[in-house]
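*Asks:* One structure coming up, written as structure tokens, with questions to follow.
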Amino acid sequence: MRKMLAAVSRVLSGAAQKPASRVLVASRNFANDATFEIKKCDLHRLEEGPPVTTVLTREDGLKYYRMMQTVRRMELKADQLYKQKIIRGFCHLCDGQEACCVGLEAGINPTDHLITAYRAHGFTFTRGLSVREILTELTGRRGGCAKGKGGSMHMYAKNFYGGNGIVGAQVPLGAGIALACKYNGKDEVCLTLYGDGAANQGQIFEAYNMAALWKLPCIFICENNRYGMGTSVERAAASTDYYKRGDFIPGLRVDGMDVLCVREATRFAAAYCRSGKGPILMELQTYRYHGHSMSDPGVSYRTREEIQEVRSKSDPIMLLKDRMVNSNLASVEELKEIDVEVRKEIEDAAQFATADPEPPLEELGHHIYCSEPPFEVRGANQWIKFKSVS
Amino acid sequence: MDEELERDEKVFLLGEEVAQYDGAYKVSRGLWKKYGDKRIIDTPISEMGFAGIAVGAAMAGLRPICEFMTFNFSMQAIDQVINSAAKTYYMSGGCQSVPIVFRGPNGASAGVAAQHSQCFAAWYGHCPGLKVVSPWNSEDAKGLIKSAIRDNNPVVVLENELMYGVPFEFPEAAQSKDFLIPIGKAKIERQGTHVTVVAHSRPVGHCLEAAAVLSKEGIECEVINMRTIRPMDIETIEASVIKTNHLVTVEGGWPQFGIGAEICARIMEGPAFNYLDAPAVRVTGADVPMPYAKILEDNSIPQVKDIIFAIKKTLNI
């Protein structure tokens, strides 16, 4: 007994080697779930909001942790590949905003729909594509999810409509997807995302009007990361209460750095829409560590101190990890193991993405039209012709 | 549209005044009464918004017909037509199709002045990923709209307000519920041997009038109704030019970078060039924003006399 206790205490003090700690993890008693308090949401035209406490199961916690860590490391890998010039063109990274994509996904069903703008890699992953398919699309190779034809801003998956490059255009699209949900009568909803910068686009207000008029099951979501490219919210918007900008559409303002807060708010919003009451608006207050894109260092319009403060106080992955460890839902070692696995997955994906060949030149003309017999597409001069296959 | 709405429950129509008003030009008369609010939707005046909504609905698997009251207003929504609809199948590597129809009256009307008279054939015809059709007569209108609705790609249907009220003989075959005109195929409306005259939409009628006048002088024109702007049926035009050795193009839109310009460029690149006995001639709208006064407006669009003049010029008569 004394020997066993000594062994246990040695391991618990972190002095054990990995295999032993793994054995210990398996036999250690973790809590099955824990209840957490989450921030109350500011409400607009709503009597009640999402609950202020939530239950997190160990299983869900580990899942969210792994997903957020995967998105984080995938984005950092993209940064690295971009600096090595293996990724080119536009590259808008979402590290810092992981609680948004993971929390939103946790609050809906795979049969629901989601559309966003160009900061889309995280959503592409949470909606079901693999890191490999995403990185390979970023490197512009044939194994990419869009066969190398789209790049960073044009990735699609089942019930995920991109990846859209024109700021704000995705919002009417999302309202249209919601119209299809209502038309088909299957109780599905559409999450329609846009940023604090896009929130000032006129077409968004047109979409608000029609969504409310026709009671479309559309959850408008403003991912407010405080800066539209280099312009802070105070310099762009007469009203920075984005959750109120839907006017006649009820809204809630959510802590976008807390995956559980996002999840609960999403569940609340989805239930609202599914009940046929019409659209609802969620503002997720979040933060991006990177600049607007890889060509923006991100420090000319904000201070390094600000970025560092968010990282140390509000990092979404850190917040989840602390919660889980402190309430015995997981151990530090276990989470570190997940980190190692994630790193390997990303590394393998990056290697594939770097080695995969570019799409064959013969495919340049493909996918112009859908369901069309093959025809010819003109190249740079009249003698260069490409075959176009659907 | 009625037949296609009946045939496929995924088809629906949206636009300004399409439902309870029976359509600004009565094109959708009776549809709302028959199909109701779910399938015939009146929109607020929000072109960019409702065009985007229509494209989103198409992405999610429905088959919307998005009406622009005139294509002039489509300029507000053109980003949704091009960037959200036309390019998506390509950008997604074939993952995401957009089976949508954008339709409405295009081009000059009567006395509606500059902001309401623009022809968008060249603008939309410019873009890969779109199909663009331009019906002239009733048969064209029916066959092309049905093909457009059944097509899994974004199709722009450029109608013409002045043609809505013009009656035509309607052949037996066209009366079938499955009468389709293939997109991408031109039609030779009148056979001839001396000159090929190519047009789309309302000017096709003017060309036939010109041909009737010239026939009395012994000049036989071959009149081609393009029917489709994109993908253009250049083969039919080439075969005709090889036969007649002369080419005149006629369009309502502005001359620069227009339909005629494209036809001429392609003729130069193909086998028909060697058969031309004279440079091709273009008849177009005047290179001005459309004026209001009748005398000015009349002289800003191609008239029968302008077509006759052009034909005689190229024939050196």
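If you're wondering about the labels, chains in the structure tokens are A, B, ... by order shown, residues count from 1 in each chain, ligands from 1 in order shown.
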Within 8 Å of chain A, which residues of chain B come that close, and what is the closest atom pair and distance in Å for each? Count only C-alpha atoms and give it as CSV.

*Replies:*
```
residue,atom,partner,partner_atom,distance
B:Lys38,CA,A:Tyr183,CA,7.3
B:Thr43,CA,A:Met210,CA,7.6
B:Pro44,CA,A:Met210,CA,7.5
B:Ser46,CA,A:Glu206,CA,6.0
B:Met48,CA,A:Gln203,CA,6.1
B:Gly49,CA,A:Glu206,CA,5.1
B:Phe50,CA,A:Pro172,CA,7.0
B:Ala51,CA,A:Pro172,CA,7.9
B:Gly52,CA,A:Pro172,CA,4.7
B:Ile53,CA,A:Gly176,CA,3.7
B:Ala54,CA,A:Gly176,CA,5.7
B:Val55,CA,A:Leu173,CA,6.1
B:Gly56,CA,A:Leu173,CA,3.9
B:Ala57,CA,A:Gly176,CA,4.4
B:Ala58,CA,A:Ile177,CA,7.9
B:Met59,CA,A:Ile177,CA,7.2
B:Ala60,CA,A:Ile177,CA,5.5
B:Gly61,CA,A:Ala180,CA,7.5
B:Leu62,CA,A:Ala180,CA,6.5
B:Asp79,CA,A:Ala169,CA,8.0
B:Gln80,CA,A:Ala169,CA,7.0
B:Asn83,CA,A:Ile166,CA,7.7
B:Ser84,CA,A:Ala169,CA,7.7
B:Lys87,CA,A:Ile368,CA,7.8
B:Tyr89,CA,A:His367,CA,6.0
B:Tyr90,CA,A:His367,CA,4.8
B:Met91,CA,A:Gly150,CA,4.4
B:Ser92,CA,A:Ala146,CA,4.8
B:Gly93,CA,A:Ala146,CA,4.3
B:Gly94,CA,A:His367,CA,5.3
B:Cys95,CA,A:Tyr156,CA,6.8
B:Gln96,CA,A:Tyr156,CA,7.3
B:Ser97,CA,A:Cys370,CA,6.5
B:Pro128,CA,A:Ile368,CA,6.8
B:Gly129,CA,A:Ile368,CA,5.0
B:Asn152,CA,A:Cys370,CA,6.0
B:Asn153,CA,A:Cys370,CA,6.0
B:Glu269,CA,A:Gln382,CA,6.9
```

*Asks:* Tell me which protein, DNA and RNA residues are within 8 Å of His206 (chain B), counting only C-alpha atoms, leaving out same-chain ones fewer than 2 positions away, and put them as a PyMOL selection string.

*Replies:* chain B and resi 202-204+208-210+303-304+307

*Asks:* Could you pull the residues within 9 Å of Ile86 (chain A), counting only C-alpha atoms, minus those fewer than 6 positions along the same chain, as an MDAnalysis selection string?

*Replies:* chainID A and resid 80 138:140 354

*Asks:* Quick one: write out the picked residues with N, CA and C atoms as a PDB file, in the first residue's frame?

*Replies:*
```pdb
ATOM      1  N   GLN A  80       3.047  29.885 -41.346  1.00  0.00           N
ATOM      2  CA  GLN A  80       4.408  29.441 -41.653  1.00  0.00           C
ATOM      3  C   GLN A  80       4.557  29.176 -43.156  1.00  0.00           C
ATOM      4  N   LEU A 138      -5.075  25.504 -49.757  1.00  0.00           N
ATOM      5  CA  LEU A 138      -4.300  26.729 -49.544  1.00  0.00           C
ATOM      6  C   LEU A 138      -3.018  26.726 -50.367  1.00  0.00           C
ATOM      7  N   THR A 139      -2.419  25.549 -50.500  1.00  0.00           N
ATOM      8  CA  THR A 139      -1.192  25.500 -51.293  1.00  0.00           C
ATOM      9  C   THR A 139      -1.495  25.376 -52.785  1.00  0.00           C
ATOM     10  N   GLY A 140      -2.768  25.304 -53.126  1.00  0.00           N
ATOM     11  CA  GLY A 140      -3.157  25.295 -54.538  1.00  0.00           C
ATOM     12  C   GLY A 140      -2.811  24.015 -55.275  1.00  0.00           C
ATOM     13  N   THR A 354       2.330  20.263 -49.192  1.00  0.00           N
ATOM     14  CA  THR A 354       3.518  20.813 -49.850  1.00  0.00           C
ATOM     15  C   THR A 354       3.968  19.918 -50.989  1.00  0.00           C
TER      16      THR A 354
END
```

*Asks:* Mind the document's chain letters and residue numbers, and return as a list of chain:residue names the residues of region 210-281 of chain A that DSSP labels alpha helix (DSSP H).

*Replies:*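 Checking each residue of region 210-281 of chain A, the alpha helix (DSSP H) ones are A:Met210, A:Ala211, A:Ala212, A:Leu213, A:Val233, A:Glu234, A:Arg235, A:Ala236, A:Val259, A:Leu260, A:Cys261, A:Val262, A:Arg263, A:Glu264, A:Ala265, A:Thr266, A:Arg267, A:Phe268, A:Ala269, A:Ala270, A:Ala271, A:Tyr272, A:Cys273, A:Arg274.
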
*Asks:* Keeping N, CA, C and O atoms for every residue in the selection just given, could you write it to a file as a CSV table (one decimal), in the first residue's frame?

*Replies:*
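Below you can see result-v8.csv, which holds the result:
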```csv
chain,number,residue,atom,x,y,z
A,210,MET,N,-35.8,41.4,-45.3
A,210,MET,CA,-36.5,40.3,-45.9
A,210,MET,C,-36.6,39.1,-44.9
A,210,MET,O,-37.6,38.4,-44.9
A,211,ALA,N,-35.5,38.9,-44.2
A,211,ALA,CA,-35.5,37.7,-43.3
A,211,ALA,C,-36.6,37.9,-42.2
A,211,ALA,O,-37.3,37.0,-41.9
A,212,ALA,N,-36.7,39.2,-41.7
A,212,ALA,CA,-37.8,39.4,-40.7
A,212,ALA,C,-39.2,39.4,-41.3
A,212,ALA,O,-40.1,38.8,-40.7
A,213,LEU,N,-39.3,40.0,-42.5
A,213,LEU,CA,-40.6,40.0,-43.2
A,213,LEU,C,-41.1,38.6,-43.4
A,213,LEU,O,-42.3,38.3,-43.2
A,233,VAL,N,-13.6,49.6,-34.7
A,233,VAL,CA,-15.1,49.7,-34.8
A,233,VAL,C,-15.6,51.1,-34.5
A,233,VAL,O,-16.5,51.6,-35.2
A,234,GLU,N,-14.9,51.8,-33.6
A,234,GLU,CA,-15.3,53.2,-33.3
A,234,GLU,C,-15.2,54.1,-34.5
A,234,GLU,O,-15.9,55.1,-34.6
A,235,ARG,N,-14.2,53.8,-35.4
A,235,ARG,CA,-14.0,54.6,-36.6
A,235,ARG,C,-14.8,54.3,-37.7
A,235,ARG,O,-14.9,55.0,-38.8
A,236,ALA,N,-15.6,53.1,-37.6
A,236,ALA,CA,-16.3,52.7,-38.8
A,236,ALA,C,-17.8,52.7,-38.6
A,236,ALA,O,-18.6,52.9,-39.5
A,259,VAL,N,-16.0,29.2,-25.4
A,259,VAL,CA,-16.7,28.3,-26.3
A,259,VAL,C,-18.0,27.9,-25.7
A,259,VAL,O,-19.0,27.6,-26.4
A,260,LEU,N,-18.1,27.8,-24.4
A,260,LEU,CA,-19.4,27.4,-23.8
A,260,LEU,C,-20.4,28.5,-23.9
A,260,LEU,O,-21.6,28.2,-24.1
A,261,CYS,N,-20.0,29.7,-23.7
A,261,CYS,CA,-20.9,30.8,-23.9
A,261,CYS,C,-21.5,30.8,-25.3
A,261,CYS,O,-22.7,31.0,-25.6
A,262,VAL,N,-20.6,30.6,-26.3
A,262,VAL,CA,-21.0,30.6,-27.7
A,262,VAL,C,-21.9,29.4,-27.9
A,262,VAL,O,-23.0,29.6,-28.6
A,263,ARG,N,-21.6,28.3,-27.4
A,263,ARG,CA,-22.5,27.1,-27.6
A,263,ARG,C,-23.9,27.4,-27.0
A,263,ARG,O,-24.9,27.1,-27.7
A,264,GLU,N,-24.0,27.9,-25.8
A,264,GLU,CA,-25.3,28.1,-25.2
A,264,GLU,C,-26.1,29.1,-26.0
A,264,GLU,O,-27.3,29.0,-26.2
A,265,ALA,N,-25.4,30.2,-26.4
A,265,ALA,CA,-26.1,31.2,-27.2
A,265,ALA,C,-26.6,30.7,-28.5
A,265,ALA,O,-27.7,31.0,-28.9
A,266,THR,N,-25.8,29.8,-29.1
A,266,THR,CA,-26.2,29.3,-30.4
A,266,THR,C,-27.4,28.3,-30.2
A,266,THR,O,-28.3,28.4,-31.0
A,267,ARG,N,-27.4,27.5,-29.2
A,267,ARG,CA,-28.5,26.6,-28.9
A,267,ARG,C,-29.8,27.5,-28.7
A,267,ARG,O,-30.8,27.1,-29.3
A,268,PHE,N,-29.6,28.5,-28.0
A,268,PHE,CA,-30.8,29.4,-27.7
A,268,PHE,C,-31.3,30.0,-29.0
A,268,PHE,O,-32.5,30.0,-29.3
A,269,ALA,N,-30.3,30.5,-29.8
A,269,ALA,CA,-30.7,31.2,-31.1
A,269,ALA,C,-31.3,30.2,-32.1
A,269,ALA,O,-32.3,30.5,-32.7
A,270,ALA,N,-30.8,29.0,-32.1
A,270,ALA,CA,-31.3,28.0,-33.0
A,270,ALA,C,-32.7,27.5,-32.6
A,270,ALA,O,-33.6,27.4,-33.5
A,271,ALA,N,-32.9,27.4,-31.3
A,271,ALA,CA,-34.3,27.0,-30.8
A,271,ALA,C,-35.3,28.1,-31.2
A,271,ALA,O,-36.4,27.9,-31.6
A,272,TYR,N,-34.8,29.4,-31.1
A,272,TYR,CA,-35.7,30.5,-31.4
A,272,TYR,C,-36.1,30.4,-32.9
A,272,TYR,O,-37.3,30.5,-33.2
A,273,CYS,N,-35.1,30.2,-33.8
A,273,CYS,CA,-35.4,30.2,-35.2
A,273,CYS,C,-36.3,29.0,-35.5
A,273,CYS,O,-37.2,29.1,-36.3
A,274,ARG,N,-35.9,27.8,-35.0
A,274,ARG,CA,-36.7,26.6,-35.3
A,274,ARG,C,-38.1,26.7,-34.9
A,274,ARG,O,-39.0,26.0,-35.4
```

*Asks:* Excluding same-chain residues fewer than 5 positions from Ser117 (chain B), what lies within 12 Å of it counting only C-alpha atoms, as a compact mmCIF listing (two decimals) with all heavy atoms, in the first residue's frame?

*Replies:*
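That gives us part-v4.txt:
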```
# COMPACT_ATOMS: atom_id res chain seq x y z
N THR B 70 -36.34 45.75 -64.51
CA THR B 70 -35.62 45.85 -65.77
C THR B 70 -34.17 45.53 -65.43
O THR B 70 -33.77 45.64 -64.27
CB THR B 70 -35.66 47.25 -66.42
OG1 THR B 70 -34.76 48.13 -65.74
CG2 THR B 70 -37.06 47.82 -66.44
N PHE B 71 -33.41 45.17 -66.44
CA PHE B 71 -32.02 44.83 -66.15
C PHE B 71 -31.18 46.03 -65.71
O PHE B 71 -30.10 45.87 -65.18
CB PHE B 71 -31.36 44.09 -67.33
CG PHE B 71 -31.50 42.60 -67.18
CD1 PHE B 71 -32.51 41.91 -67.82
CD2 PHE B 71 -30.63 41.90 -66.35
CE1 PHE B 71 -32.65 40.53 -67.63
CE2 PHE B 71 -30.76 40.53 -66.16
CZ PHE B 71 -31.78 39.85 -66.80
N ASN B 72 -31.70 47.23 -65.91
CA ASN B 72 -31.00 48.41 -65.39
C ASN B 72 -30.80 48.29 -63.89
O ASN B 72 -29.78 48.69 -63.35
CB ASN B 72 -31.79 49.69 -65.69
CG ASN B 72 -31.96 49.90 -67.18
OD1 ASN B 72 -31.03 50.24 -67.88
ND2 ASN B 72 -33.17 49.65 -67.68
N PHE B 73 -31.82 47.72 -63.21
CA PHE B 73 -31.73 47.61 -61.75
C PHE B 73 -30.83 46.46 -61.34
O PHE B 73 -30.41 46.36 -60.19
CB PHE B 73 -33.12 47.47 -61.14
CG PHE B 73 -34.12 48.41 -61.75
CD1 PHE B 73 -35.39 47.99 -62.09
CD2 PHE B 73 -33.78 49.74 -62.01
CE1 PHE B 73 -36.31 48.86 -62.67
CE2 PHE B 73 -34.69 50.61 -62.58
CZ PHE B 73 -35.95 50.17 -62.92
N PRO B 105 -36.88 42.50 -68.50
CA PRO B 105 -36.70 43.24 -69.75
C PRO B 105 -35.35 43.95 -69.79
O PRO B 105 -34.87 44.47 -68.77
CB PRO B 105 -37.85 44.25 -69.75
CG PRO B 105 -38.42 44.26 -68.40
CD PRO B 105 -37.90 43.10 -67.62
N ASN B 106 -34.74 43.95 -70.98
CA ASN B 106 -33.41 44.51 -71.17
C ASN B 106 -33.47 45.51 -72.32
O ASN B 106 -34.31 45.40 -73.21
CB ASN B 106 -32.47 43.36 -71.54
CG ASN B 106 -31.08 43.84 -71.91
OD1 ASN B 106 -30.38 44.45 -71.12
ND2 ASN B 106 -30.67 43.57 -73.15
N GLY B 107 -32.58 46.48 -72.29
CA GLY B 107 -32.43 47.36 -73.45
C GLY B 107 -33.44 48.48 -73.51
O GLY B 107 -34.17 48.77 -72.55
N ALA B 108 -33.49 49.10 -74.70
CA ALA B 108 -34.29 50.30 -74.87
C ALA B 108 -35.78 50.01 -74.83
O ALA B 108 -36.22 48.95 -75.26
CB ALA B 108 -33.94 50.96 -76.21
N SER B 109 -36.51 50.95 -74.29
CA SER B 109 -37.97 50.86 -74.32
C SER B 109 -38.47 52.06 -75.13
O SER B 109 -37.94 52.31 -76.20
CB SER B 109 -38.51 50.85 -72.90
OG SER B 109 -39.90 50.78 -72.92
N ALA B 110 -39.46 52.81 -74.62
CA ALA B 110 -39.92 53.98 -75.38
C ALA B 110 -40.05 55.17 -74.45
O ALA B 110 -40.95 55.22 -73.61
CB ALA B 110 -41.26 53.67 -76.05
N GLY B 111 -39.13 56.12 -74.58
CA GLY B 111 -39.25 57.34 -73.79
C GLY B 111 -38.87 57.20 -72.33
O GLY B 111 -39.26 58.03 -71.52
N VAL B 112 -38.13 56.17 -71.99
CA VAL B 112 -37.78 55.99 -70.57
C VAL B 112 -36.41 56.56 -70.22
O VAL B 112 -36.01 56.50 -69.05
CB VAL B 112 -37.89 54.51 -70.14
CG1 VAL B 112 -39.33 54.06 -70.21
CG2 VAL B 112 -37.01 53.62 -70.99
N ASN B 160 -37.46 41.66 -73.66
CA ASN B 160 -37.57 43.01 -74.23
C ASN B 160 -38.98 43.53 -74.01
O ASN B 160 -39.95 42.89 -74.43
CB ASN B 160 -37.21 42.99 -75.72
CG ASN B 160 -37.16 44.40 -76.29
OD1 ASN B 160 -38.17 45.09 -76.38
ND2 ASN B 160 -35.98 44.83 -76.68
N GLU B 161 -39.09 44.66 -73.36
CA GLU B 161 -40.40 45.17 -72.98
C GLU B 161 -41.28 45.45 -74.19
O GLU B 161 -42.48 45.17 -74.17
CB GLU B 161 -40.22 46.45 -72.17
CG GLU B 161 -41.46 46.87 -71.41
CD GLU B 161 -41.61 48.37 -71.34
OE1 GLU B 161 -40.59 49.05 -71.16
OE2 GLU B 161 -42.76 48.84 -71.47
N LEU B 162 -40.67 45.98 -75.25
CA LEU B 162 -41.47 46.34 -76.42
C LEU B 162 -41.97 45.10 -77.17
O LEU B 162 -42.91 45.18 -77.95
CB LEU B 162 -40.67 47.23 -77.37
CG LEU B 162 -40.25 48.58 -76.78
CD1 LEU B 162 -39.31 49.33 -77.72
CD2 LEU B 162 -41.48 49.44 -76.48
N GLY B 252 -28.93 46.34 -80.24
CA GLY B 252 -29.47 47.57 -79.64
C GLY B 252 -28.46 48.26 -78.74
O GLY B 252 -28.59 49.46 -78.45
N GLY B 253 -27.47 47.52 -78.26
CA GLY B 253 -26.53 48.05 -77.29
C GLY B 253 -25.49 48.97 -77.90
O GLY B 253 -25.43 49.14 -79.11
N TRP B 254 -24.67 49.57 -77.04
CA TRP B 254 -23.61 50.47 -77.49
C TRP B 254 -22.55 49.73 -78.29
O TRP B 254 -22.31 48.54 -78.09
CB TRP B 254 -22.96 51.13 -76.26
CG TRP B 254 -23.88 52.06 -75.53
CD1 TRP B 254 -24.73 52.99 -76.06
CD2 TRP B 254 -24.02 52.15 -74.11
NE1 TRP B 254 -25.39 53.65 -75.06
CE2 TRP B 254 -24.98 53.17 -73.84
CE3 TRP B 254 -23.43 51.50 -73.02
CZ2 TRP B 254 -25.36 53.54 -72.55
CZ3 TRP B 254 -23.81 51.86 -71.74
CH2 TRP B 254 -24.77 52.88 -71.51
N GLY B 285 -26.68 50.56 -81.28
CA GLY B 285 -27.23 51.77 -80.69
C GLY B 285 -26.20 52.88 -80.81
O GLY B 285 -25.01 52.61 -80.95
N VAL B 288 -24.27 56.97 -77.08
CA VAL B 288 -24.69 58.02 -76.15
C VAL B 288 -25.62 57.42 -75.11
O VAL B 288 -26.26 56.40 -75.38
CB VAL B 288 -25.46 59.17 -76.87
CG1 VAL B 288 -24.55 59.91 -77.84
CG2 VAL B 288 -26.70 58.65 -77.57
N PRO B 289 -25.69 58.03 -73.92
CA PRO B 289 -26.76 57.61 -73.02
C PRO B 289 -28.08 57.94 -73.71
O PRO B 289 -28.19 58.94 -74.40
CB PRO B 289 -26.56 58.48 -71.77
CG PRO B 289 -25.19 59.04 -71.89
CD PRO B 289 -24.89 59.13 -73.34
N MET B 290 -29.08 57.10 -73.52
CA MET B 290 -30.32 57.26 -74.27
C MET B 290 -31.01 58.59 -73.99
O MET B 290 -31.38 58.87 -72.85
CB MET B 290 -31.27 56.10 -73.93
CG MET B 290 -32.54 56.09 -74.73
SD MET B 290 -32.24 55.77 -76.47
CE MET B 290 -31.86 54.03 -76.40
N PRO B 291 -31.22 59.40 -75.03
CA PRO B 291 -31.92 60.67 -74.81
C PRO B 291 -33.42 60.46 -74.72
O PRO B 291 -33.94 59.41 -75.07
CB PRO B 291 -31.57 61.47 -76.07
CG PRO B 291 -31.26 60.44 -77.10
CD PRO B 291 -30.80 59.20 -76.41
N TYR B 292 -34.11 61.50 -74.26
CA TYR B 292 -35.55 61.38 -74.05
C TYR B 292 -36.39 61.77 -75.27
O TYR B 292 -37.30 61.03 -75.65
CB TYR B 292 -35.96 62.21 -72.83
CG TYR B 292 -37.45 62.36 -72.73
CD1 TYR B 292 -38.25 61.25 -72.49
CD2 TYR B 292 -38.06 63.60 -72.94
CE1 TYR B 292 -39.62 61.37 -72.43
CE2 TYR B 292 -39.43 63.73 -72.88
CZ TYR B 292 -40.21 62.61 -72.63
OH TYR B 292 -41.56 62.73 -72.59
N GLU B 297 -34.30 59.84 -79.49
CA GLU B 297 -34.35 58.43 -79.13
C GLU B 297 -34.42 57.55 -80.37
O GLU B 297 -33.69 56.56 -80.49
CB GLU B 297 -35.57 58.15 -78.24
CG GLU B 297 -35.61 56.71 -77.72
CD GLU B 297 -36.85 56.42 -76.89
OE1 GLU B 297 -37.97 56.53 -77.42
OE2 GLU B 297 -36.69 56.09 -75.70
N SER B 300 -31.20 56.98 -81.82
CA SER B 300 -30.19 56.36 -80.96
C SER B 300 -30.26 54.85 -80.98
O SER B 300 -29.45 54.18 -80.33
CB SER B 300 -30.34 56.87 -79.52
OG SER B 300 -30.15 58.26 -79.47
N ILE B 301 -31.27 54.32 -81.69
CA ILE B 301 -31.35 52.86 -81.80
C ILE B 301 -31.32 52.49 -83.28
O ILE B 301 -31.67 53.32 -84.12
CB ILE B 301 -32.64 52.30 -81.15
CG1 ILE B 301 -33.88 53.01 -81.70
CG2 ILE B 301 -32.57 52.43 -79.64
CD1 ILE B 301 -35.17 52.34 -81.32
```
